[in-house]
file query-v4.txt (compact mmCIF, C-alpha atoms and all ligand atoms)
# COMPACT_ATOMS: atom_id res chain seq x y z
CA MET L 189 103.76 85.32 96.76
CA SER L 190 101.43 87.01 94.36
CA PRO L 191 102.52 90.44 93.26
CA SER L 192 99.23 91.83 94.48
CA ALA L 193 100.35 91.13 98.02
CA VAL L 194 102.87 93.93 97.75
CA PRO L 195 101.34 97.34 98.42
CA VAL L 196 102.75 99.21 95.48
CA SER L 197 99.52 100.93 94.63
CA ALA L 198 98.24 103.58 96.98
CA SER L 199 96.18 106.62 96.36
CA SER L 200 97.58 110.10 96.27
CA LEU L 201 96.85 111.83 99.54
CA ALA L 202 97.39 108.66 101.18
CA ALA L 203 98.25 108.54 104.83
CA ASN L 204 95.01 106.85 105.80
CA ASP L 205 94.57 104.88 102.63
CA THR L 206 98.06 103.52 102.99
CA ALA L 207 97.46 102.57 106.57
CA ARG L 208 94.71 100.43 105.19
CA THR L 209 96.90 99.08 102.40
CA ILE L 210 99.59 97.93 104.79
CA THR L 211 97.17 96.34 107.20
CA LYS L 212 95.22 94.70 104.39
CA THR L 213 98.46 93.40 102.99
CA ALA L 214 99.45 92.01 106.35
CA ALA L 215 96.11 90.29 106.66
CA SER L 216 96.15 88.87 103.15
CA ILE L 217 99.65 87.49 103.55
CA THR L 218 98.88 85.83 106.86
CA ASN L 219 95.67 84.41 105.47
CA LEU L 220 97.63 82.58 102.81
CA GLN L 221 98.50 80.03 105.45
CA PRO L 222 95.69 77.55 105.96
CA ALA L 223 94.72 76.86 109.56
CA ASP L 224 96.17 73.36 109.57
CA ALA L 225 99.50 74.42 108.06
CA LEU L 226 102.88 74.38 109.83
CA PRO L 227 103.26 76.19 113.16
CA GLU L 228 103.07 79.95 112.91
CA LEU L 229 105.15 82.46 114.76
CA ASN L 230 103.77 82.33 118.28
CA ALA L 231 105.04 84.56 121.07
CA ALA L 232 103.23 82.43 123.67
CA ASN L 233 105.82 79.69 123.06
CA LEU L 234 108.70 81.98 124.05
CA GLU L 235 111.49 80.20 125.93
CA THR L 236 113.42 82.45 128.29
CA ASN L 237 117.00 82.00 129.42
CA PHE L 238 118.32 85.15 131.10
CA THR L 239 122.01 85.95 130.84
CA ASP L 240 124.30 85.20 133.76
CA ALA L 241 126.79 87.81 132.53
CA PRO L 242 124.90 91.11 132.48
CA ARG L 243 126.95 94.06 131.22
CA SER L 244 127.10 97.68 132.28
CA LEU L 245 125.63 100.57 130.32
CA PRO L 246 127.95 102.68 128.19
CA HIS L 247 128.41 106.16 129.68
CA ARG L 248 126.39 108.96 128.12
CA GLY L 249 128.42 110.55 125.37
CA SER L 250 131.16 107.88 125.45
CA PRO L 251 132.86 106.65 122.27
CA GLU L 252 131.45 103.23 123.13
CA GLU L 253 127.93 104.60 122.93
CA ALA L 254 128.70 106.55 119.77
CA SER L 255 129.95 103.35 118.10
CA GLN L 256 126.35 102.03 117.86
CA SER L 257 127.74 98.58 118.55
CA VAL L 258 126.64 98.13 122.15
CA CYS L 259 123.44 96.16 122.49
CA THR L 260 121.48 95.31 125.63
CA ASP L 261 121.86 92.07 127.63
CA HIS L 262 119.33 90.03 125.69
CA MET L 263 118.01 89.31 122.22
CA VAL L 264 115.11 87.37 120.79
CA THR L 265 115.65 84.79 118.06
CA CYS L 266 113.27 82.52 116.20
CA GLN L 267 114.13 79.93 113.57
CA TRP L 268 111.88 78.99 110.70
CA THR L 269 112.29 76.11 108.29
CA ALA L 270 110.13 75.04 105.38
CA GLN L 271 109.68 71.65 107.09
CA THR L 272 108.93 72.76 110.65
CA GLY L 273 107.43 76.20 110.20
CA TRP L 274 108.16 78.66 113.01
CA GLN L 275 109.91 77.08 115.96
CA ALA L 276 109.62 78.35 119.54
CA PRO L 277 111.06 81.87 119.88
CA LYS L 278 113.85 82.28 122.42
CA LEU L 279 114.90 85.17 124.62
CA HIS L 280 118.53 84.74 125.62
CA ALA L 281 121.88 86.49 126.07
CA TYR L 282 122.91 88.89 123.31
CA GLY L 283 125.76 87.34 121.33
CA PRO L 284 127.07 86.19 117.95
CA LEU L 285 125.02 84.20 115.48
CA GLN L 286 126.23 80.98 113.95
CA LEU L 287 126.04 80.89 110.19
CA MET L 288 127.51 78.59 107.59
CA PRO L 289 129.68 80.38 105.01
CA THR L 290 127.14 79.24 102.43
CA ALA L 291 124.24 81.01 104.19
CA SER L 292 121.85 82.51 101.65
CA VAL L 293 121.88 85.97 103.26
CA LEU L 294 125.64 86.30 102.78
CA HIS L 295 125.36 85.78 99.04
CA TYR L 296 121.93 86.82 97.87
CA ALA L 297 120.93 89.60 100.25
CA THR L 298 117.98 87.65 101.61
CA GLU L 299 117.63 90.09 104.48
CA CYS L 300 115.12 92.62 105.71
CA PHE L 301 114.87 94.74 108.81
CA GLU L 302 112.99 97.39 110.72
CA GLY L 303 114.10 100.44 112.66
CA MET L 304 112.11 101.47 115.73
CA LYS L 305 112.82 103.11 119.05
CA LEU L 306 111.97 102.45 122.68
CA TYR L 307 111.46 105.76 124.48
CA ARG L 308 111.81 106.53 128.20
CA GLY L 309 109.05 109.01 128.89
CA PHE L 310 109.08 112.01 131.16
CA ASP L 311 106.27 110.27 133.04
CA GLY L 312 108.60 107.33 133.71
CA LYS L 313 106.89 104.99 131.23
CA LEU L 314 108.45 103.09 128.33
CA ARG L 315 106.81 103.56 124.96
CA LEU L 316 107.01 102.44 121.36
CA PHE L 317 105.71 104.69 118.59
CA ARG L 318 103.03 103.23 116.27
CA PRO L 319 104.79 99.84 116.31
CA LYS L 320 102.12 98.01 114.33
CA LEU L 321 103.11 99.95 111.25
CA ASN L 322 106.65 98.62 111.61
CA THR L 323 105.69 95.00 112.09
CA ALA L 324 103.28 95.17 109.13
CA ARG L 325 106.00 96.73 107.00
CA MET L 326 108.46 94.05 108.08
CA LEU L 327 106.05 91.41 106.79
CA MET L 328 105.77 93.25 103.49
CA SER L 329 109.58 93.54 103.21
CA ALA L 330 110.14 89.87 104.12
CA THR L 331 107.72 88.56 101.55
CA ARG L 332 109.17 90.84 98.85
CA ILE L 333 112.39 88.83 99.09
CA ALA L 334 110.86 85.37 99.59
CA LEU L 335 111.44 85.22 103.34
CA PRO L 336 108.63 83.51 105.26
CA ALA L 337 105.43 85.26 106.28
CA PHE L 338 104.51 85.61 109.93
CA ASN L 339 101.78 87.17 112.01
CA PRO L 340 102.96 90.72 112.68
CA GLU L 341 101.09 90.80 115.99
CA GLU L 342 103.28 87.97 117.25
CA LEU L 343 106.41 89.84 116.20
CA LEU L 344 105.15 92.86 118.13
CA LYS L 345 104.65 90.72 121.25
CA LEU L 346 108.24 89.49 120.99
CA ILE L 347 109.54 93.04 120.58
CA VAL L 348 107.50 94.17 123.58
CA THR L 349 108.79 91.29 125.73
CA LEU L 350 112.40 92.12 124.90
CA CYS L 351 111.78 95.81 125.65
CA ALA L 352 110.03 94.93 128.91
CA THR L 353 113.01 92.76 129.90
CA ASP L 354 115.92 95.06 129.07
CA GLY L 355 114.19 98.46 129.12
CA PRO L 356 114.18 98.94 132.91
CA LYS L 357 117.96 98.60 133.17
CA TRP L 358 119.07 100.03 129.82
CA LEU L 359 116.73 103.02 129.82
CA PRO L 360 116.88 104.05 133.47
CA LYS L 361 114.05 106.17 134.81
CA GLU L 362 116.62 108.80 135.79
CA ARG L 363 117.21 109.44 132.10
CA PRO L 364 113.84 110.48 130.73
CA GLY L 365 113.98 111.64 127.15
CA SER L 366 116.40 108.87 126.12
CA PHE L 367 115.81 105.93 123.80
CA LEU L 368 117.14 102.58 122.59
CA TYR L 369 117.14 101.68 118.91
CA ILE L 370 115.23 98.48 118.09
CA ARG L 371 116.36 96.41 115.14
CA PRO L 372 114.08 93.52 114.16
CA THR L 373 115.82 91.56 111.42
CA MET L 374 115.19 88.52 109.27
CA ILE L 375 117.87 86.63 107.36
CA ALA L 376 117.81 83.46 105.29
CA ASN L 377 120.27 81.03 106.88
CA ASP L 378 119.98 78.07 104.50
CA PRO L 379 123.42 76.47 104.49
CA ALA L 380 123.45 75.97 100.72
CA LEU L 381 124.54 78.00 97.72
CA GLY L 382 121.60 77.28 95.39
CA VAL L 383 119.94 80.44 94.15
CA GLN L 384 116.43 79.76 95.35
CA LYS L 385 113.68 80.74 97.69
CA PRO L 386 115.01 80.30 101.24
CA LYS L 387 114.06 77.14 103.11
CA GLN L 388 115.44 78.40 106.42
CA ALA L 389 115.27 81.78 108.06
CA LEU L 390 116.16 83.39 111.35
CA LEU L 391 114.13 86.22 112.81
CA TYR L 392 115.83 88.20 115.54
CA VAL L 393 115.37 91.37 117.53
CA ILE L 394 118.13 93.38 119.22
CA LEU L 395 118.17 96.65 121.17
CA CYS L 396 121.08 98.94 120.46
CA CYS L 397 122.44 101.94 122.42
CA PHE L 398 122.54 105.10 120.31
CA PRO L 399 124.09 108.44 121.15
CA GLU L 400 121.79 111.34 121.87
CA MET L 401 120.87 113.16 118.72
CA ASP L 402 121.90 116.77 118.75
CA ALA L 403 120.37 118.89 116.06
CA LYS L 404 122.80 120.40 113.60
CA PRO L 405 122.50 124.12 114.30
CA ALA L 406 123.00 124.95 110.62
CA GLY L 407 120.70 122.17 109.45
CA MET L 408 121.61 119.09 107.43
CA LYS L 409 123.62 119.44 104.25
CA LEU L 410 122.36 117.33 101.36
CA LEU L 411 124.15 116.44 98.15
CA ALA L 412 121.81 115.56 95.28
CA SER L 413 122.56 112.23 93.59
CA LYS L 414 123.77 112.19 90.01
CA GLU L 415 122.00 110.43 87.18
CA ASP L 416 124.41 107.50 87.30
CA MET L 417 123.49 106.54 90.86
CA VAL L 418 119.88 105.55 91.48
CA ARG L 419 118.51 104.31 94.78
CA ALA L 420 115.21 102.85 93.56
CA TRP L 421 113.35 102.38 90.29
CA PRO L 422 109.84 101.41 89.17
CA GLY L 423 109.35 97.68 89.52
CA GLY L 424 112.25 97.45 91.95
CA PHE L 425 112.16 97.16 95.73
CA GLY L 426 112.87 100.67 97.00
CA PHE L 427 109.64 100.55 99.01
CA ALA L 428 110.87 97.56 101.08
CA LYS L 429 113.29 97.77 103.97
CA VAL L 430 115.64 95.15 102.57
CA GLY L 431 119.42 95.21 103.02
CA ALA L 432 119.87 95.20 99.24
CA ASN L 433 118.72 98.82 99.16
CA TYR L 434 121.50 100.13 101.38
CA GLY L 435 124.87 98.55 100.61
CA PRO L 436 124.94 99.88 97.04
CA THR L 437 124.29 103.46 98.21
CA LEU L 438 127.32 103.64 100.47
CA VAL L 439 129.82 104.65 97.77
CA CYS L 440 127.68 107.67 97.07
CA GLN L 441 127.18 108.40 100.75
CA GLY L 442 130.92 108.07 101.40
CA GLU L 443 131.65 110.61 98.66
CA ALA L 444 129.07 112.97 100.11
CA ARG L 445 130.59 112.68 103.59
CA ALA L 446 134.08 113.27 102.20
CA ARG L 447 132.80 116.49 100.66
CA GLY L 448 131.27 117.66 103.91
CA TYR L 449 127.65 116.63 103.26
CA ASP L 450 125.52 114.64 105.66
CA GLN L 451 123.28 112.69 103.31
CA ILE L 452 122.37 112.13 99.68
CA LEU L 453 119.21 113.64 98.30
CA TRP L 454 118.06 110.82 96.04
CA LEU L 455 116.82 112.00 92.66
CA TYR L 456 115.27 109.77 90.04
CA GLY L 457 115.20 109.97 86.28
CA LYS L 458 116.13 112.59 83.70
CA GLU L 459 113.87 115.19 85.25
CA GLY L 460 115.48 114.72 88.67
CA GLN L 461 112.42 113.65 90.63
CA VAL L 462 113.00 114.21 94.33
CA THR L 463 112.43 111.00 96.29
CA GLU L 464 114.18 110.62 99.66
CA ALA L 465 117.15 111.87 101.68
CA GLY L 466 119.54 109.17 102.89
CA ALA L 467 117.33 106.61 104.61
CA SER L 468 114.68 109.19 105.44
CA ASN L 469 111.68 110.63 103.66
CA PHE L 470 111.96 114.19 102.42
CA PHE L 471 109.65 117.21 102.57
CA VAL L 472 109.72 120.77 101.33
CA VAL L 473 107.49 123.66 102.32
CA TRP L 474 106.99 126.25 99.60
CA ARG L 475 104.59 128.94 98.55
CA THR L 476 102.99 128.45 95.18
CA PRO L 477 103.09 131.35 92.70
CA GLU L 478 99.38 131.78 93.62
CA GLY L 479 100.36 132.27 97.25
CA LYS L 480 99.29 128.94 98.83
CA THR L 481 101.64 127.39 101.37
CA GLN L 482 102.18 123.71 100.67
CA LEU L 483 103.93 120.82 102.35
CA VAL L 484 105.20 118.71 99.46
CA THR L 485 106.54 115.16 99.54
CA ALA L 486 107.02 112.35 97.04
CA PRO L 487 103.99 110.07 96.55
CA LEU L 488 103.86 106.46 97.70
CA SER L 489 102.54 105.41 94.34
CA ASN L 490 104.38 106.70 91.35
CA GLY L 491 102.73 105.55 88.15
CA GLY L 492 102.98 101.84 88.73
CA GLY L 493 106.10 101.77 90.85
CA GLN L 494 106.77 102.87 94.38
CA LEU L 495 110.14 104.56 94.66
CA ILE L 496 110.04 105.54 98.30
CA LEU L 497 109.74 103.80 101.60
CA ASP L 498 106.40 104.30 103.36
CA GLY L 499 107.94 105.83 106.50
CA VAL L 500 106.14 105.82 109.81
CA THR L 501 107.58 109.27 110.47
CA ARG L 502 106.49 110.49 107.01
CA ARG L 503 103.00 109.25 107.63
CA SER L 504 102.92 110.83 111.07
CA VAL L 505 104.07 114.18 109.69
CA VAL L 506 101.35 114.07 107.03
CA GLU L 507 98.67 113.08 109.55
CA LEU L 508 99.67 115.69 112.13
CA VAL L 509 99.80 118.45 109.57
CA SER L 510 96.44 117.41 108.13
CA THR L 511 94.77 117.45 111.55
CA ARG L 512 96.57 120.31 113.28
CA LEU L 513 97.96 122.63 110.63
CA HIS L 514 95.44 122.26 107.83
CA ASP L 515 94.51 125.94 108.00
CA GLU L 516 98.07 126.93 107.21
CA LEU L 517 99.51 124.15 105.14
CA GLU L 518 98.12 122.22 102.22
CA ILE L 519 99.56 118.70 101.98
CA VAL L 520 100.60 117.64 98.51
CA GLU L 521 101.88 114.16 97.77
CA ARG L 522 103.02 114.28 94.19
CA LYS L 523 105.96 113.84 91.84
CA TYR L 524 108.13 116.94 91.91
CA ASP L 525 111.62 117.57 90.69
CA ILE L 526 114.71 119.34 91.89
CA GLY L 527 114.26 122.05 89.24
CA GLU L 528 110.96 123.07 90.88
CA VAL L 529 112.67 123.27 94.26
CA MET L 530 115.46 125.44 92.86
CA LYS L 531 112.96 127.66 91.05
CA ALA L 532 110.95 128.13 94.24
CA ALA L 533 114.15 129.10 96.02
CA ASP L 534 115.12 131.54 93.23
CA GLU L 535 111.72 133.17 93.49
CA GLY L 536 111.90 133.38 97.27
CA ARG L 537 109.07 130.85 97.69
CA LEU L 538 110.97 127.99 99.33
CA LEU L 539 110.35 128.17 103.07
CA GLU L 540 111.96 125.02 104.43
CA ALA L 541 113.04 121.45 103.76
CA PHE L 542 113.42 118.55 106.14
CA ALA L 543 114.09 114.83 106.33
CA ALA L 544 111.93 112.51 108.43
CA GLY L 545 112.72 109.01 109.66
CA THR L 546 113.03 107.08 112.90
CA ALA L 547 116.83 107.10 113.04
CA PHE L 548 117.41 110.85 112.67
CA PHE L 549 113.85 111.83 113.51
CA ILE L 550 113.02 115.19 111.93
CA ALA L 551 116.06 117.03 110.69
CA GLY L 552 115.94 120.43 109.07
CA VAL L 553 117.92 120.97 105.89
CA GLY L 554 120.25 123.97 105.66
CA GLU L 555 121.86 123.27 102.31
CA ILE L 556 121.21 121.33 99.10
CA ALA L 557 123.90 121.00 96.47
CA TRP L 558 122.79 120.01 92.96
CA LYS L 559 125.10 120.22 89.97
CA GLU L 560 126.82 123.61 90.24
CA ARG L 561 124.15 125.06 92.45
CA VAL L 562 124.22 125.38 96.21
CA LEU L 563 120.91 126.26 97.76
CA LYS L 564 121.00 127.61 101.31
CA LEU L 565 118.02 127.56 103.64
CA LYS L 566 117.57 129.42 106.89
CA VAL L 567 116.92 127.29 109.95
CA GLY L 568 116.21 128.13 113.59
CA ASP L 569 118.36 127.32 116.64
CA ASP L 570 116.98 123.78 116.62
CA GLY L 571 118.29 123.29 113.07
CA CYS L 572 114.72 123.24 111.71
CA GLY L 573 112.34 125.56 109.97
CA LYS L 574 109.12 126.63 111.68
CA TYR L 575 106.84 123.85 110.49
CA ALA L 576 109.35 121.03 110.91
CA GLY L 577 110.09 122.32 114.40
CA GLN L 578 106.40 122.34 115.29
CA VAL L 579 105.71 118.82 114.02
CA LYS L 580 108.87 117.54 115.67
CA ALA L 581 107.82 119.00 119.02
CA TRP L 582 104.36 117.38 118.75
CA MET L 583 105.83 113.99 117.92
CA ARG L 584 108.35 114.19 120.77
CA GLU L 585 105.54 114.93 123.19
CA ILE L 586 103.75 111.77 122.09
CA MET L 587 106.89 109.61 122.11
CA TYR L 588 107.97 110.74 125.57
CA GLY L 589 104.53 110.73 127.16
CA LYS L 590 103.95 114.45 127.50
CA GLU L 591 100.88 114.11 125.33
CA ASP L 592 98.59 111.16 125.93
CA ASN L 593 98.02 109.81 122.43
CA ALA L 594 97.20 106.39 120.99
CA TRP L 595 100.35 106.58 118.84
CA GLY L 596 102.37 106.08 122.02
CA TYR L 597 102.30 102.35 122.86
CA VAL L 598 103.13 101.78 126.52
CA VAL L 599 105.40 98.84 127.37
CA ASN L 600 104.83 97.43 130.86
CA GLU L 601 108.19 96.73 132.40
CA THR L 602 109.12 93.37 133.88
CA GLY L 603 112.91 93.49 133.96
CA VAL L 604 115.08 90.48 134.69
CA PRO L 605 114.08 88.60 137.82
CA ARG L 606 116.84 88.70 140.44
CA SER L 607 117.94 85.24 141.42
C1 LIG B 701 113.57 103.46 107.24
C2 LIG B 701 113.53 104.37 106.07
C3 LIG B 701 112.77 105.55 106.06
C4 LIG B 701 112.06 106.07 107.27
O1 LIG B 701 111.04 105.25 107.73
P1 LIG B 701 110.51 105.43 109.20
O2 LIG B 701 109.46 104.40 109.33
O3 LIG B 701 109.99 106.80 109.33
O4 LIG B 701 111.68 105.19 110.11
C5 LIG B 701 112.72 106.29 104.88
N1 LIG B 701 113.39 105.90 103.80
C6 LIG B 701 114.15 104.79 103.77
C7 LIG B 701 114.85 104.43 102.52
C8 LIG B 701 114.25 104.01 104.92
O5 LIG B 701 115.02 102.92 104.90
call {"tool": "encode", "arguments": {"input": "query-v4.txt", "output": "structure tokens"}}
result
Amino acid sequence: MSPSAVPVSASSLAANDTARTITKTAASITNLQPADALPELNAANLETNFTDAPRSLPHRGSPEEASQSVCTDHMVTCQWTAQTGWQAPKLHAYGPLQLMPTASVLHYATECFEGMKLYRGFDGKLRLFRPKLNTARMLMSATRIALPAFNPEELLKLIVTLCATDGPKWLPKERPGSFLYIRPTMIANDPALGVQKPKQALLYVILCCFPEMDAKPAGMKLLASKEDMVRAWPGGFGFAKVGANYGPTLVCQGEARARGYDQILWLYGKEGQVTEAGASNFFVVWRTPEGKTQLVTAPLSNGGGQLILDGVTRRSVVELVSTRLHDELEIVERKYDIGEVMKAADEGRLLEAFAAGTAFFIAGVGEIAWKERVLKLKVGDDGCGKYAGQVKAWMREIMYGKEDNAWGYVVNETGVPRS
């Protein structure tokens, strides 16, 4: 894979430019395969084998649901090998995978994933949210770690089929406003220890039950990372959703939790550049000394290296603010450091801070601890500041079908045929 296939360069105010970068990347990667090459990922070849042991839904608010270990009745899997290309995808009962102890993923972190949600709308429909951005990003992540390329449109069709099959039962119409978490994953399952580009890979998609998210009334508490713990660095892979980015952060996260914090605010470098919060993008709203109100977030491109993940939620926040709040808020995507945030707070110019990502959606920040300092921020009853609350409400309306918007991608339900 040529390095140019990885979208590390993007312009500054970049929501739209980046949309193009990701899609261009997807196209250029898929075009690398000549027409007469091995079989490509093809959802039309899906083989279906419904489970004969369907399970019951976990009760709302049960420990079982909170465990995030209950998945729906079915999953989709698809095997790739360097000799055969992509084999026929299969939809079958959810259950364990078989892996040899030598499997590449277990040793060399040859794994990438996506995080999406399937929403049950207040109009009774099932929807995904801007899913093409996720499947394009999955392709980018896969190729960053030498996993095979695929046509992202075919992955989307497989995701949609799984959602159409299990959605009707697992997101009942009587529970509008609920969601399932979708986890597309790819692992290298070569049964050999050689350190090399994988020759076998398994793509799979599962749907997991998540507890309802209640906002923290006091907002999230963030602990800033110290200089000896870095999440991402220029030339690294912090922009890709690869498993290797997460395991090594869990010591830090565990310490934060033990001290009563929810997430780490990831800083980078001597100057303490603010990058992301946990596995979410991070925003602040401040007034400049000149009196402008700005929405500030880290840039996608950072002088030759991309330190942050190009979040679908981040992008949606930027796009909504630029179309609906542009009179009030100037959007600034630039490098900024924790010192600037503290200074703004000292001078009474810091209005709010929030994290944005699919898993925790938009979460207001009530506290940031950095070195000896503890910065407190006022949040409303919903745990958010004014602007975060507004953008969150708009996005919810799209996700749950209260606003008809092209970002909401309707899934037509089929369910499991009764025999
Ligand atoms: C997944 C993720 C995000 C959020 O991306 P979304 O597409 O909005 O869910 C942000 N940062 C990191 C490190 C992530 O893994």
call {"tool": "closest_atom_pairs", "arguments": {"input": "query-v4.txt", "of": "stretch 416-520 of chain L", "to": "stretch 292-303 of chain L", "cutoff": "12 Å", "atoms": "only C-alpha atoms", "output": "tab-separated table"}}
result
residue	atom	partner	partner_atom	distance
L:Phe425	CA	L:Cys300	CA	11.4
L:Phe427	CA	L:Cys300	CA	11.7
L:Ala428	CA	L:Cys300	CA	8.0
L:Lys429	CA	L:Cys300	CA	5.7
L:Val430	CA	L:Cys300	CA	4.1
L:Gly431	CA	L:Glu299	CA	5.6
L:Ala432	CA	L:Ala297	CA	5.8
L:Asn433	CA	L:Ala297	CA	9.5
L:Tyr434	CA	L:Ala297	CA	10.6
L:Gly435	CA	L:Ala297	CA	9.8
L:Pro436	CA	L:Ala297	CA	11.5
L:Ala467	CA	L:Gly303	CA	10.6
L:Ser468	CA	L:Gly303	CA	11.4
L:Leu497	CA	L:Glu302	CA	11.6
L:Gly499	CA	L:Gly303	CA	10.2
L:Val500	CA	L:Gly303	CA	10.0
L:Thr501	CA	L:Gly303	CA	11.2
call {"tool": "write_last_selection", "arguments": {"input": "query-v4.txt", "atoms": "C-alpha atoms", "output": "PDB file, in the coordinates of the input"}}
result
ATOM      1  CA  PHE L 425     112.160  97.160  95.730  1.00  0.00           C
ATOM      2  CA  PHE L 427     109.640 100.550  99.010  1.00  0.00           C
ATOM      3  CA  ALA L 428     110.870  97.560 101.080  1.00  0.00           C
ATOM      4  CA  LYS L 429     113.290  97.770 103.970  1.00  0.00           C
ATOM      5  CA  VAL L 430     115.640  95.150 102.570  1.00  0.00           C
ATOM      6  CA  GLY L 431     119.420  95.210 103.020  1.00  0.00           C
ATOM      7  CA  ALA L 432     119.870  95.200  99.240  1.00  0.00           C
ATOM      8  CA  ASN L 433     118.720  98.820  99.160  1.00  0.00           C
ATOM      9  CA  TYR L 434     121.500 100.130 101.380  1.00  0.00           C
ATOM     10  CA  GLY L 435     124.870  98.550 100.610  1.00  0.00           C
ATOM     11  CA  PRO L 436     124.940  99.880  97.040  1.00  0.00           C
ATOM     12  CA  ALA L 467     117.330 106.610 104.610  1.00  0.00           C
ATOM     13  CA  SER L 468     114.680 109.190 105.440  1.00  0.00           C
ATOM     14  CA  LEU L 497     109.740 103.800 101.600  1.00  0.00           C
ATOM     15  CA  GLY L 499     107.940 105.830 106.500  1.00  0.00           C
ATOM     16  CA  VAL L 500     106.140 105.820 109.810  1.00  0.00           C
ATOM     17  CA  THR L 501     107.580 109.270 110.470  1.00  0.00           C
TER      18      THR L 501
END
call {"tool": "closest_residue", "arguments": {"input": "query-v4.txt", "among": "L:Lys458, L:Lys574, L:Lys590, L:Lys559", "to": "L:Val472", "atoms": "only C-alpha atoms"}}
result
L:Lys574
call {"tool": "axis_aligned_box", "arguments": {"input": "query-v4.txt", "around": "ligand LIG 701 (chain B)", "padding_each_side": "6 Å", "output": "lines of an AutoDock Vina configuration file"}}
result
center_x = 112.2
center_y = 104.9
center_z = 106.3
size_x = 17.6
size_y = 15.9
size_z = 19.6
call {"tool": "residues_around", "arguments": {"input": "query-v4.txt", "residues": "L:Ile556", "least_positions_apart": "3", "cutoff": "12 Å", "atoms": "all atoms listed in the file", "output": "ChimeraX atom specification"}}
result
/L:407-413,444,448-454,462,465,472,526,529-530,533,540-542,552-553,559-566
call {"tool": "residues_around", "arguments": {"input": "query-v4.txt", "residues": "L:Asp569", "least_positions_apart": "5", "cutoff": "10 Å", "atoms": "only C-alpha atoms", "output": "MDAnalysis selection string"}}
result
chainID L and resid 403:407 577
call {"tool": "closest_residue", "arguments": {"input": "query-v4.txt", "among": "L:Arg332, L:Tyr597, L:Tyr392, L:Thr272", "to": "L:Pro284", "atoms": "all atoms listed in the file"}}
result
L:Tyr392
call {"tool": "closest_residue", "arguments": {"input": "query-v4.txt", "among": "L:Leu314, L:Met304, L:Met288, L:Met374", "to": "ligand LIG 701 (chain B)", "atoms": "only C-alpha atoms and all ligand atoms"}}
result
L:Met304
